[in-house]
Every structure is written in C-alpha cells, then in structure tokens.
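Let me begin by presenting the structure, written as structure tokens, before commenting on it.
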Amino acid sequence: MTASKTGPGVERRFVTTEHGRIHTAIAGAGFPVLLLHQTPRSWDEYRDVLPLLGRDFRAIAMDTPGFGDSDRPNGAPSIELWAETALALLDALQEPRAAIVGHHTGAAIAVEMAASAPARVRALVLSACPFVDAARRAKHEGMRVIDEVETRADGAHLTELWARRQPFYPAGDTDLLQRFVVDALRCGEMAAEGHRVVNRYRMEDRLGQIRCPTLVIAPTADPHVHPVAPKVAGAIGGSILRELSGGMVPLPDQLPEAFAGLVHAFVAAHAAKS
C-alpha cells in the first residue's frame, strides 16, 4: 500500500486486490463504513463526508474500478464485478464486516454486496438508489445515457457535458459541476458505460434477498430516483425510508452534513453496537 494525506484527517492510499489496485480515501478509526460513489464520480464525492463520519467510524471511500485512480477492471464491467471488488478491498483492509453506503450507482453495488455476501454487511444505506427491473431495462435499451457525449476537436463536448448535467445540480454551484466534469473526463468512456452497467443489472432479483438493517435515502429534488424510492424500500423487508428535503443528484457533496448525519445515526444504531 502507498498512502498520502489530503484534507483534514483523510489518508489516500492504493490497495492491491485480486481485481487490481483500488484507490481509497480513509478517515478515522472504529467500525468500518464503506462509501461507494455514483457514475462517473470518484471518492471525491465523499470529500466532505469522510471527516464527519471519521469522527466515530473508519470511513472508507473507494474509487470504483475504472473511475478515479482505481485500475480498469480485468473483465467486462458489471455491478457483480464491482461488488466483488469492494469485498476484496475489505479483505485487503482486514475488515470482515462493514456498513455499506452507496449513492446512485454505488447504491446498486451496495445492493449486490448485501445480497451476495450477507455475513459481510452489518448495515446498508442506499442513497438515491435506482430501481432496475425488466421495465427499466427495456426502456433504456439502446437509449443515449446522460453523460454520453462525442469528443470534438473544438472542445464543445465539454460544454455539452456541463449543460446536460446542470439541471440536476444546485443553481449557480459551479464548484460541484467542476468536480463532476473533472471526474467524468478522467474516466473517459466509463462516464457513459457506468450508466449502462446499472441499466443491465437485475436488481429485482436481489432486493428481496437483503436481510440486514437497511436505510433508503430519497433526495426530494432528484427526479431520477425520488419517485422509485418507495419501490426500493418496499422490496427490502424491514427497511426504513427517509426523504432528504432539497437533495439533488450530487447529494453527498451537496449536503454533506445532512447526509453524514443520516448515515451516522443509522450505522450507530444498527451496526456499530451490534
């Protein structure tokens, strides 16, 4: 492992796994909380959340394979492969059990982790989780995804990428959009492919297999996921649904204190003390 410091109390390191080198950012000590980002972001989505959770937990944000600084996956990208990689990371960090927190794409990965390795997941937080079933797969088959832009010599694709995302971000918040664009450019074609990976996932086969305590967070101003949050929560026995008023697509870095507060309270009550 190699490590470097960034921000207050956050350590970045590369961790070697059977699926390649995975880049992580870690804050604090105690019960582990693994944070999984949306497409096409990186650990940076949790930049402001990490120190907050790190006050009481070992907060670990990883770059999904092919995103941020993590290696590209050896096989075809899939939610199943990304979940296997996240579990391999926990193995390398010597964490047999953890609370898993996922946002958008990260929530789909978290679903697969909880369904495929129930003994490893003590608690689950699904933030802005899509509901992927046969109807969604049919609807999105062959459709252009939001971050799919054609590279052009004059750089106009950068403006197009910005404009396609802007309606789903707080008005005038150029910092959040710049952080998104940086991550999108770094991962290249995975910026679009990550969305297709989610749309191929058979989530409806997995939600009912989740047995751990589960919190579903529904950002009220995220039109992609807010309408389906009751379906996600309803498919998981005993889950809790909480709306977060004003939350948009970039929820963890838009409202880090509110997001971290919900995660902290749930993990403290359902995982860290069990």
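How things are named: the first chain in the structure tokens is A, the next is B, and so on; residues count from 1 in each chain; ligands count from 1 in the order shown.
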Contacts of A:Ala191 at 7 Å or less, counting only C-alpha atoms, minus same-chain residues fewer than 4 places along, as a PyMOL selection string?
-> chain A and resi 39-40+147+184+187
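Near A:Met143, within a cut-off of 12 Å and counting only C-alpha atoms, sit the residues A:Arg136, A:Arg137, A:Ala138, A:Lys139, A:Asp147, A:Glu148, A:Ala192, A:Glu193, A:His195, A:Arg196, A:Asn199, with same-chain residues fewer than 4 positions away left out.
Using only C-alpha atoms, the shortest contact distance between A:Thr151 and any of A:Gln94, A:Met248, A:Glu189, A:Phe168 is found at A:Glu189.
For the choices A:Ala117, A:Ala76, A:Cys212, A:Met62, the atom-to-atom distance to A:Gly238 is smallest for A:Cys212 when using only C-alpha atoms.
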For stretch 253-260 of chain A, work out the shell of residues within 12 Å, counting only C-alpha atoms and skipping chain neighbours fewer than 4 positions away, then give it as a PyMOL selection string.
-> chain A and resi 33+35+37-38+41-57+59+101-103+125-128+168-171+173-177+179-180+215-219+221-222+242-249+264-268
Enumerate as a ChimeraX atom specification all residues of stretch 173-270 of chain A assigned to strand (DSSP E or B) by DSSP on the backbone, naming them with the chain letters and numbers the document uses.
-> /A:214-219,240-244
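Distance-wise, atom CA of A:Leu89 and atom CA of A:Ile240 end up 27.5 Å apart.
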